[in-house]
Every structure is written in structure tokens, then in C-alpha cells.
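Input: a single structure, listed below in C-alpha cells.
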Amino acid sequence: MPMSRPSGGHPAPRRSGEAAGLRTGGIPGAIVRLRFLVIVFWLLALAAAVPGAMHVSDVLEVQGGGLRNAESQLAERQLRREFERPVDAFFAVTVKGNVPLDSPAYAALLDTLAAAATAEPYITRVVSIRSVADSALVSRDRRTTFLVAAVAIDSTDATVRVPMFRRAVHAAVVRSGNADRFEVNVTGGPALDFDVRTVSKADAERSEARALPLSAVVLVLAFGALVAAALPILIGVFAITCAYALVHLTGSFYPMSVFVLNIVSMVGLGVGIDYSLLVVTRFREELNRGLGAREAAARTIATAGLAVVTSGLTVVVGFAALFVVPLNETRSVALGGLFVVGGAVLLAVTLLPAVLSLLGRSLDLPKWLARRLAWYHAPTAWERWARWLAHHPYRAIVIGGVLVAAITWPLAGIKIGLPRAGWFPSATESGAGVRALEEMGARGALQPIRVMVQVPAGQRVVSGRYLRALRRLSDSVRADPRVSSIRSVVDLRPGTSLLQYSIMYSDLAATRTRSPDFFAAYLSPDARTTVVDVLLEDSTSFTSTMAVVRRVRSIANGSGAGLDSARVLVGGFAAASVDLQDELLRRFPLLVGVVLLATGVMLFVAFRSILVPIKAMVMNCLSVGGAFGLIVLVFQHGVGARVFGLDGPTEAVYVVVPVLVFATVFGLSMDYEVFLLSRIKESFDRTGRNDQATMEGLSATASTITSAAAIMLIVFGAASFSRVLAVQLMGFGLAVAVFLDATLIRMVLVPAIMHVAGRWTWWPGVRAADESETP
């Protein structure tokens, strides 16, 4: 029994040119008439963009500054103000030898390394087992140790110093004459950041190199012609180059995250090729209808070009919504996405049609290839599928819905947090240094939880009252089995009583003289501010570390600590991650609301329908949910994680990933919705029959959508094998979302729902008859 439909008569069939309101005048006609100027403009733009694109990584940062008003950031800024030489950034030089630490060769090497590090002008002090008697600096077998070189500048500038510091260290090893007996690596926060930046750039280039040939194969299959296949690739590369140049320009005055490289590369290549694929496909259709090259190009701009603009705007909405998160990392990714998507749209509706109007039938060269690949373009299979859907829409909805639900089910168990392992690239010098620290049980020294305690003006934090409070804080935190050790002014020497500390700090000047490096790092010059560093066991995962941060904050701010009159702030890498996660989760519903509202309004305006935007948003949410479900299954639970180079489950999903995946996938998924609906609407405007229009639109676009999705899958799939875990999660999430969207969603559920809805699909923009339709 067909659904009831709004009253009204069938719209009169229109001539094909009038159906889309097409003329060779207006903007489409102007682009074609001025095609030579358009081409020259874009060539000049490319020439201007290349220098900036080549040096884009020089202006990017790994750490974007965090949330400005978060507790961790307040702690970091306060420590910089209160301490003359805060240990804000430091290098850890790991040394692993085949001889014991007390051998002459080992001692000579450590002295040489310390001297070389001290000679660098940006190093404020160097701490090693040769200068302090700290057992935490030495492994149990006494064959591995590490030196700490504090940097006088902030961590962003310290990252720039990594190559020169490494050169100095490795040159010192060579001078010692024992290079073959020791393994020396430079790690630490700045070194890890530098290697992440380097690896991210290399992986982006490697992903492009892998994706381009495979994408070319899909395009050759899709077009059956080498010339037509080459154009979308050129447009994609062009869009990436221009976006990189804009990122380079923006990065000179606004902090931009290094992860923008991967976003621009993935999204730029994907949408650049997809939009071009749609435009070239429509241009060839118009040529086959007998139009000349110029008329076909103008008509293509007015039809496929309009769909590209609408689709691009939906992607732009997703990226623009990221600005609701006050974080440089997400905002820089948003800027990169806006640059590359905007560039891809402009190139696809201006430069590409201008070139097509010149090529004309030359687009199909060589002719023999088209004949050999004719099987790929045969519409018979898609026509049969479209007819089956028209006759069995309810069955399709049930089967598709069950499959989507099964894929999405793991999402119910998602755990947001820092992944257990694999956070830092392993095949790097800093990664090798981290492994050396893990082997000696000292990884926690790299990223301690830092508790800043500041007492009111006129008081000293080392007075008897506050020493007791600090001891209670230290003992309470140390009781956690995940805590390895604590460094503070009440943990200077094991077994020292509070009375002994009170006597020692009664002559503070003399005490500072005996341990100048320690007190320079842990007690401010006015004795009002101190730092308690909480070092964790190496067995403590990053996920558990965040739980320790919350516990430390609870203890430090509790009434039992005795620090009610003091200002207590908890900082460090893990604390910053906790603050970031809490803020992103708080703002995520707002981001979702902004994307849904803006996308819904745009689709309502474009298609003059209420059901179309509602259906599109629900379908996109299914794509996103399915992607999240598979991320949880593969990465969090580790099902197939080894395929992507991981040793096991991550146990948690980094909070930035769902935010970025949602914003990006929602826009990209809308691409196929707009491509499909635009063609269905064209057919409906011409025939006035919804079922026939749905079948025609699906048959006409299915091949293009599947080819476009295959390209997206290749591009995002290549990023799934990145050496940076956050990029892996992003690439995998985008790849599976596109796959689900182009198969279950757009080829099954969307047309089936449109058949069930009938003419209500286009209400209130179209008032149709009550007559039933026969597929």
C-alpha cells in the first residue's frame, strides 16, 4: 500500500535545459568565456603557493599551548613567573653501554656529554649521576643512565633546538672514542615533539605517494581515459599545495598544529579528486548529449558545479564548527580544512571547467582504453539494484539498519582517555630513548605530574606549618601503587623527619648552597612557591595516569591536606590531557548542535524540503556512529590492531579523535548525499515521479559515488598506517566512515527511505498528486 501524498497535480515536464535553469550566460558562461584568464590566474596562484608549501612544516607546532584558562596551563605559567630557571623543557640523554657505569670509559663519556651539553648557550644546567647521587638516574644493572639538560627557553623554541643539540651530543660521543660501545639517544619533551613533527610530515608525503597511484587506477577505471583520469589528481594536488601555502602564511602569526599537515593531505586529496570526478563525469555526459565543449562546460558548472558548492559548504560547516573548541590544535585543523576544501571547490568549479572547455573530446583519449573498460561503466547492474530497492524498500531498510546497528554496537563501550601505548613514534631517536628509560624504570621522569603550591605573601612554604601539609600530601599521593616516587622539599633525603627538615630550612641560604640545582627547580627565590613532582611507575598506562591526576587534585584540594590557605595547581602533560578531555567533552554537544543546525538549514534551502535535511542528518549520524564503533573495536579492544602496527589494544580513544572525526566525516558524508539527491531532484523536476526519479538518480550516480568512495578509502586508508597514533585513528575513522556511507547508507538506506516516503520527500517545496507511483 503506497503512502498518502500531499495533494496537487504533477508538475509539467520541462525541457532539459530549462529543468536546471541553465544558460550559457551568468557565472557559468562567464567562467567559460574567460577560461584563459581563469587558467592564467590559477597558474600564477600555484607559482606563488609553491615556496610557502615547501616550508610549511617550519611554522608548525606539536604543542599548541593547551587551554589557556585550564588549571594545568595556569600552573605552567605560574611556575615560569615564580622560578628564575624553571624546568619547563629539558632534554634527556640516555646512555646504554656494554660496560658498568663505574668503568673509566663510561665515566669519561658522561663527563664529555655533560661538558658538551653545558657548552650549548640555551642549556641552563645539566644533571647526571656524576653530579648528584640519585639512584633514579641509574638502571639496576648499572649499564644504563641518563642526563637531564634543562633548556632556558620555552618548549616551543626548545623544539627548534633539537637538531643542534643532537649534533652536539653525537659529536661528543665520537670525540670520546667509544661510539661503538655505547648507544646514546636524545629524548625528552622537545625531542619527542620534534620527532612527531618530522614523522608527521614524512608520513603525509608517504601517504600521498601511496594514494596517488592507486587513485589513478580507480580514475582510469571510472573514466576509461588517461587524460580524464589525470585531471582530478592534478586538482587534488593543486588544492593541497594552495592550502599548505595558506597554512604557512597563517602559521607565521597564529600557532598551527603539525597535525594540520595530515588533515590537509588526506582531505585535500580526497575532496579534490571527488569533486573533480563529479565535474568531469557530468561534462562527459553533456558532450554525449550532443553539446559543444563550451556549452557542456557551462552546463556542468550549473549542475555538477552547484552540487559541488553545496557539498563543499557542508564540509566547511563541519570544520568551522571546530572553532567552538578554544584549542589551537582543533582550530588549526579547522583552518587547514577550510583552506583545502575551499580551494578544492573553487578549483573544481572554475579551473577544471575552463580546462575542460578547451579539451573537449580530447578528454577521452586514448579511445582504445575506453573500449576495454566499457564493462566498468555498464549501468545494467546498478539499474537492477535500483529496481530491486524500489520493489523492496522495507526489506532494504531492515537489513541495512541491522548491519549498521551491529557495526555501531561497540561504541557503547567507548573509553575516552590517553591510549595505553603507541602514543609516541617508536622508530625515532626519541622513541629509542623512551624505551631505554622504560628498561631502567625511569620513564615517569619524562612527564611527571607537577603540583605547584604557593603560600600567601609574607609566608614561607618551608615553614613548619606548610612542611607538615606537604608531608601529608606526599604520603597520601605515595600510597597510590601507581606512583613510583615523589620529589619535593620534604622528600629530599629518605628517612628525614619533619623536625630535621625544619632545622635544615631554618638556614635556607646555607641549604640552597648545598644543593643549588635542586632548590633552583623546586623552591622559588622568595620561598613562597614549591613544586611536588609525582613520578609514576612505568607499568602505569597513559590512561591510568589521567586517573592519578584526578586523585592528586582531589587530595591536594581536600581539607585533609592542610593547604587551605595556599594556592594549589596540578600541571604537567597528563594534567593538560585531563583538562583538554574535560573541556572537549563539555563542548562536544555544542559542536554537534552547530553542525546539525547549520547543515539542516543549508539542505532545506538547497532542496526546499523538510524530510531531506532530517534524513540526511540521521544517515550521517549513522555513518559517524559506525565509524566510532569500528574505532573502538579495532583500536580500543585491539581486534586486528596488529594490522596497523600496534602491539595490542590502546584501551582508550584519544578525546580529540571523536571530535575531529565527527566534524570531518559529517561534512564528507554529506558529499554523497548531495551528489545523489541533486541528480534525483533533477530527474524529479523533469518527470514529477519520485520513484522513477530515485531509480534514475541512483543508477546515474552509483558508479560515480562508488568510485569517489574508493578514492577516499585509499587516501584515508593510507593514513591509517601512519606512525603517529592520533593520525592513525583519524585515518581509520574517516576511511571506514566513507566506506559505510557509500555502501550501506547511500546505496541502500537513503534510496529505500525515499521510496517509502514517496512525494513527501520533497514537501513543502513540491505539492504533488495523491496518485500512487509505479516503479
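In the C-alpha cells, each chain is lettered A, B, ... as it comes, each chain's residues begin at 1, and ligands are numbered from 1 in order of appearance.
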DSSP-assigned strand (DSSP E or B) members of range 556-594 of chain A, reported as a count of residues only: 5
Within 8 Å of Ile486 in chain A using only C-alpha atoms, minus same-chain residues under 2 positions, as a PyMOL selection string: chain A and resi 474+478+483-484+488+491+532-535
Output file for the residues above (C-alpha atoms, as a tab-separated table (two decimals), in the first residue's frame):
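Result file result.tsv:
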```
chain	number	residue	atom	x	y	z
A	474	SER	CA	53.37	13.49	49.72
A	478	ARG	CA	52.73	7.98	47.50
A	483	VAL	CA	53.24	6.17	41.99
A	484	SER	CA	56.95	5.35	41.79
A	488	SER	CA	59.78	17.70	46.76
A	491	ASP	CA	61.40	14.21	50.03
A	532	VAL	CA	55.96	18.49	44.13
A	533	ASP	CA	56.82	16.17	41.24
A	534	VAL	CA	54.91	12.88	41.17
A	535	LEU	CA	56.73	10.20	39.16
```
Residue nearest Val665 in chain A among A:Val237, A:Val402, A:Val260, A:Leu622 (counting only C-alpha atoms):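 Selected residue with least distance to Val665 in chain A: A:Leu622.
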Proximity of range 273-364 of chain A to range 217-230 of chain A: per-residue shortest pair, 12 Å limit, only C-alpha atoms, as CSV:
```
residue,atom,partner,partner_atom,distance
A:Ile273,CA,A:Leu219,CA,9.0
A:Asp274,CA,A:Leu219,CA,10.0
A:Ser276,CA,A:Ala229,CA,9.7
A:Leu277,CA,A:Leu219,CA,7.9
A:Leu278,CA,A:Ala222,CA,10.8
A:Val279,CA,A:Ala228,CA,10.6
A:Val280,CA,A:Ala228,CA,7.1
A:Thr281,CA,A:Phe223,CA,7.6
A:Arg282,CA,A:Phe223,CA,11.3
A:Phe283,CA,A:Ala228,CA,10.4
A:Arg284,CA,A:Phe223,CA,9.2
A:Glu285,CA,A:Phe223,CA,11.4
A:Leu352,CA,A:Ala228,CA,10.9
A:Val355,CA,A:Ala228,CA,11.0
A:Leu356,CA,A:Ala228,CA,9.2
A:Leu359,CA,A:Val227,CA,9.3
A:Gly360,CA,A:Ala228,CA,10.6
A:Arg361,CA,A:Ala228,CA,10.1
A:Ser362,CA,A:Val227,CA,7.7
A:Leu363,CA,A:Ala228,CA,5.2
A:Asp364,CA,A:Ala225,CA,5.1
```
Which residues are near Thr250 in chain A? Cut-off 12 Å, only C-alpha atoms, ignore same chain within fewer than 5 positions. Put them as an mmCIF file with N, CA, C and O atoms, in the first residue's frame.
```cif
data_model
loop_
_atom_site.group_PDB
_atom_site.id
_atom_site.type_symbol
_atom_site.label_atom_id
_atom_site.label_comp_id
_atom_site.auth_asym_id
_atom_site.auth_seq_id
_atom_site.Cartn_x
_atom_site.Cartn_y
_atom_site.Cartn_z
ATOM 1 N N GLY A 52 55.862 28.662 -0.158
ATOM 2 C CA GLY A 52 55.302 28.506 1.181
ATOM 3 C C GLY A 52 54.951 27.072 1.490
ATOM 4 O O GLY A 52 55.162 26.587 2.609
ATOM 5 N N ALA A 53 54.407 26.353 0.499
ATOM 6 C CA ALA A 53 54.032 24.961 0.708
ATOM 7 C C ALA A 53 55.245 24.097 1.017
ATOM 8 O O ALA A 53 55.168 23.159 1.817
ATOM 9 N N VAL A 56 56.174 24.575 4.818
ATOM 10 C CA VAL A 56 55.049 24.694 5.735
ATOM 11 C C VAL A 56 55.363 24.114 7.113
ATOM 12 O O VAL A 56 54.929 24.646 8.139
ATOM 13 N N VAL A 59 56.742 26.250 10.332
ATOM 14 C CA VAL A 59 55.963 27.151 11.197
ATOM 15 C C VAL A 59 54.955 26.397 12.062
ATOM 16 O O VAL A 59 54.150 27.016 12.756
ATOM 17 N N LEU A 60 55.007 25.069 12.031
ATOM 18 C CA LEU A 60 54.013 24.279 12.761
ATOM 19 C C LEU A 60 54.545 23.846 14.128
ATOM 20 O O LEU A 60 55.751 23.727 14.326
ATOM 21 N N ALA A 243 46.589 25.081 -0.115
ATOM 22 C CA ALA A 243 46.247 25.046 1.310
ATOM 23 C C ALA A 243 47.499 25.087 2.171
ATOM 24 O O ALA A 243 47.542 25.787 3.195
ATOM 25 N N TYR A 244 48.528 24.347 1.780
ATOM 26 C CA TYR A 244 49.795 24.382 2.533
ATOM 27 C C TYR A 244 50.367 25.796 2.569
ATOM 28 O O TYR A 244 50.890 26.252 3.595
ATOM 29 N N ALA A 245 50.271 26.490 1.449
ATOM 30 C CA ALA A 245 50.782 27.864 1.400
ATOM 31 C C ALA A 245 50.014 28.767 2.356
ATOM 32 O O ALA A 245 50.607 29.601 3.056
ATOM 33 N N PRO A 255 49.489 30.209 16.074
ATOM 34 C CA PRO A 255 50.041 28.865 16.291
ATOM 35 C C PRO A 255 49.231 27.794 15.574
ATOM 36 O O PRO A 255 48.024 27.674 15.786
ATOM 37 N N MET A 256 49.893 27.030 14.736
ATOM 38 C CA MET A 256 49.242 25.980 13.948
ATOM 39 C C MET A 256 49.836 24.630 14.321
ATOM 40 O O MET A 256 51.057 24.465 14.371
ATOM 41 N N SER A 257 48.978 23.654 14.565
ATOM 42 C CA SER A 257 49.414 22.312 14.957
ATOM 43 C C SER A 257 49.990 21.562 13.766
ATOM 44 O O SER A 257 49.533 21.702 12.632
ATOM 45 N N VAL A 260 47.894 19.477 11.196
ATOM 46 C CA VAL A 260 47.188 20.063 10.062
ATOM 47 C C VAL A 260 47.749 19.523 8.750
ATOM 48 O O VAL A 260 47.053 19.458 7.735
ATOM 49 N N ARG A 331 41.530 24.256 16.310
ATOM 50 C CA ARG A 331 41.290 25.434 15.464
ATOM 51 C C ARG A 331 42.247 25.478 14.276
ATOM 52 O O ARG A 331 41.870 25.926 13.189
ATOM 53 N N SER A 332 43.469 25.021 14.466
ATOM 54 C CA SER A 332 44.386 24.998 13.328
ATOM 55 C C SER A 332 43.963 23.934 12.321
ATOM 56 O O SER A 332 44.058 24.148 11.106
ATOM 57 N N VAL A 333 43.460 22.800 12.815
ATOM 58 C CA VAL A 333 42.920 21.785 11.911
ATOM 59 C C VAL A 333 41.705 22.353 11.173
ATOM 60 O O VAL A 333 41.520 22.108 9.973
ATOM 61 N N LEU A 335 41.179 25.490 10.388
ATOM 62 C CA LEU A 335 41.681 26.401 9.357
ATOM 63 C C LEU A 335 42.220 25.636 8.163
ATOM 64 O O LEU A 335 41.940 25.980 7.004
ATOM 65 N N GLY A 336 43.007 24.584 8.441
ATOM 66 C CA GLY A 336 43.538 23.786 7.347
ATOM 67 C C GLY A 336 42.432 23.160 6.520
ATOM 68 O O GLY A 336 42.500 23.139 5.282
ATOM 69 N N PHE A 339 40.776 25.849 4.398
ATOM 70 C CA PHE A 339 41.637 26.236 3.272
ATOM 71 C C PHE A 339 41.557 25.219 2.135
ATOM 72 O O PHE A 339 41.369 25.572 0.973
#
```
Shortest interatomic distance to Phe146 in chain A - which of A:Thr124, A:Ser57, A:Asn620, A:Thr187, counting only C-alpha atoms: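 Nearest to Phe146 in chain A: A:Thr187.
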At a cut-off of 12 Å, using only C-alpha atoms, what residues contact Arg460 in chain A? Leave out same-chain residues fewer than 6 positions from it and give the result as a CSV table (one decimal) with all heavy atoms, in the first residue's frame.
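What ended up in result.csv:
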```csv
chain,number,residue,atom,x,y,z
A,453,VAL,N,52.5,24.5,44.7
A,453,VAL,CA,52.0,25.0,46.0
A,453,VAL,C,52.5,26.4,46.2
A,453,VAL,O,53.7,26.6,46.3
A,453,VAL,CB,52.3,24.1,47.1
A,453,VAL,CG1,51.7,24.6,48.4
A,453,VAL,CG2,51.8,22.7,46.8
A,454,GLN,N,51.6,27.4,46.4
A,454,GLN,CA,52.1,28.8,46.6
A,454,GLN,C,51.3,29.3,47.9
A,454,GLN,O,50.1,29.3,47.9
A,454,GLN,CB,51.8,29.7,45.4
A,454,GLN,CG,52.3,31.1,45.6
A,454,GLN,CD,52.1,31.9,44.3
A,454,GLN,OE1,50.9,32.1,43.9
A,454,GLN,NE2,53.1,32.4,43.7
A,466,TYR,N,53.6,24.5,56.9
A,466,TYR,CA,53.4,24.0,55.5
A,466,TYR,C,54.3,22.8,55.2
A,466,TYR,O,53.9,21.9,54.4
A,466,TYR,CB,53.8,25.1,54.5
A,466,TYR,CG,52.7,26.2,54.5
A,466,TYR,CD1,53.1,27.5,55.0
A,466,TYR,CD2,51.4,26.0,54.1
A,466,TYR,CE1,52.1,28.5,55.0
A,466,TYR,CE2,50.5,27.0,54.1
A,466,TYR,CZ,50.9,28.3,54.6
A,466,TYR,OH,49.9,29.3,54.6
A,467,LEU,N,55.4,22.6,56.0
A,467,LEU,CA,56.1,21.3,55.8
A,467,LEU,C,55.3,20.1,56.2
A,467,LEU,O,55.3,19.1,55.6
A,467,LEU,CB,57.4,21.4,56.6
A,467,LEU,CG,58.5,22.3,56.1
A,467,LEU,CD1,59.7,22.3,57.1
A,467,LEU,CD2,59.0,21.8,54.7
A,502,SER,N,62.8,21.0,59.3
A,502,SER,CA,62.6,22.4,59.9
A,502,SER,C,63.9,23.0,60.3
A,502,SER,O,64.1,24.2,60.1
A,502,SER,CB,61.7,22.2,61.1
A,502,SER,OG,60.4,21.8,60.8
A,505,TYR,N,65.8,24.0,57.0
A,505,TYR,CA,65.3,25.1,56.3
A,505,TYR,C,65.3,26.4,57.2
A,505,TYR,O,65.0,27.5,56.7
A,505,TYR,CB,63.9,24.9,55.8
A,505,TYR,CG,63.8,23.8,54.7
A,505,TYR,CD1,62.9,22.7,54.8
A,505,TYR,CD2,64.7,23.9,53.6
A,505,TYR,CE1,62.9,21.8,53.8
A,505,TYR,CE2,64.7,22.9,52.6
A,505,TYR,CZ,63.8,21.9,52.7
A,505,TYR,OH,63.7,20.9,51.7
A,506,SER,N,65.7,26.3,58.5
A,506,SER,CA,65.9,27.5,59.3
A,506,SER,C,67.0,28.4,58.7
A,506,SER,O,67.0,29.6,58.9
A,506,SER,CB,66.1,27.1,60.7
A,506,SER,OG,67.3,26.4,60.9
A,508,LEU,N,68.0,28.8,55.3
A,508,LEU,CA,67.7,28.5,53.9
A,508,LEU,C,68.8,28.8,53.0
A,508,LEU,O,69.1,28.0,52.0
A,508,LEU,CB,66.4,29.2,53.5
A,508,LEU,CG,65.8,28.8,52.2
A,508,LEU,CD1,65.5,27.3,52.1
A,508,LEU,CD2,64.5,29.6,51.9
A,523,LEU,N,62.1,25.3,44.6
A,523,LEU,CA,61.8,26.3,45.6
A,523,LEU,C,62.1,27.7,45.0
A,523,LEU,O,63.2,27.9,44.6
A,523,LEU,CB,62.6,26.1,46.9
A,523,LEU,CG,62.2,27.0,48.1
A,523,LEU,CD1,60.7,26.7,48.5
A,523,LEU,CD2,63.1,26.8,49.2
A,524,SER,N,61.0,28.5,45.0
A,524,SER,CA,61.2,29.8,44.3
A,524,SER,C,62.1,30.7,45.2
A,524,SER,O,62.3,30.4,46.4
A,524,SER,CB,59.8,30.5,44.2
A,524,SER,OG,59.3,30.7,45.5
A,525,PRO,N,62.7,31.7,44.6
A,525,PRO,CA,63.7,32.6,45.3
A,525,PRO,C,63.1,33.2,46.6
A,525,PRO,O,63.8,33.4,47.6
A,525,PRO,CB,64.0,33.7,44.3
A,525,PRO,CG,63.8,33.0,42.9
A,525,PRO,CD,62.6,32.1,43.1
A,526,ASP,N,61.8,33.5,46.5
A,526,ASP,CA,61.1,34.1,47.7
A,526,ASP,C,60.6,33.1,48.7
A,526,ASP,O,60.0,33.4,49.7
A,526,ASP,CB,60.0,35.1,47.3
A,526,ASP,CG,58.9,34.4,46.6
A,526,ASP,OD1,59.0,33.2,46.4
A,526,ASP,OD2,57.9,35.1,46.2
A,527,ALA,N,60.8,31.8,48.4
A,527,ALA,CA,60.4,30.7,49.2
A,527,ALA,C,58.9,30.6,49.4
A,527,ALA,O,58.4,29.9,50.3
A,527,ALA,CB,61.1,30.8,50.6
A,528,ARG,N,58.1,31.3,48.6
A,528,ARG,CA,56.6,31.2,48.7
A,528,ARG,C,56.1,30.0,47.9
A,528,ARG,O,55.0,29.5,48.1
A,528,ARG,CB,56.0,32.5,48.2
A,528,ARG,CG,56.0,33.6,49.1
A,528,ARG,CD,55.2,34.8,48.5
A,528,ARG,NE,53.9,34.4,48.2
A,528,ARG,CZ,53.1,34.9,47.2
A,528,ARG,NH1,53.6,35.8,46.4
A,528,ARG,NH2,51.9,34.5,47.0
A,529,THR,N,56.8,29.6,46.8
A,529,THR,CA,56.3,28.6,45.9
A,529,THR,C,57.2,27.4,45.8
A,529,THR,O,58.4,27.5,45.8
A,529,THR,CB,56.1,29.2,44.5
A,529,THR,OG1,55.4,30.4,44.6
A,529,THR,CG2,55.5,28.2,43.5
A,530,THR,N,56.6,26.2,45.8
A,530,THR,CA,57.4,25.0,45.7
A,530,THR,C,56.7,24.1,44.7
A,530,THR,O,55.5,24.3,44.3
A,530,THR,CB,57.6,24.3,47.0
A,530,THR,OG1,58.5,23.2,46.8
A,530,THR,CG2,56.2,23.7,47.6
A,566,ALA,N,46.7,28.0,50.9
A,566,ALA,CA,47.7,28.0,49.8
A,566,ALA,C,47.0,27.9,48.5
A,566,ALA,O,45.8,27.3,48.4
A,566,ALA,CB,48.7,26.9,50.0
```
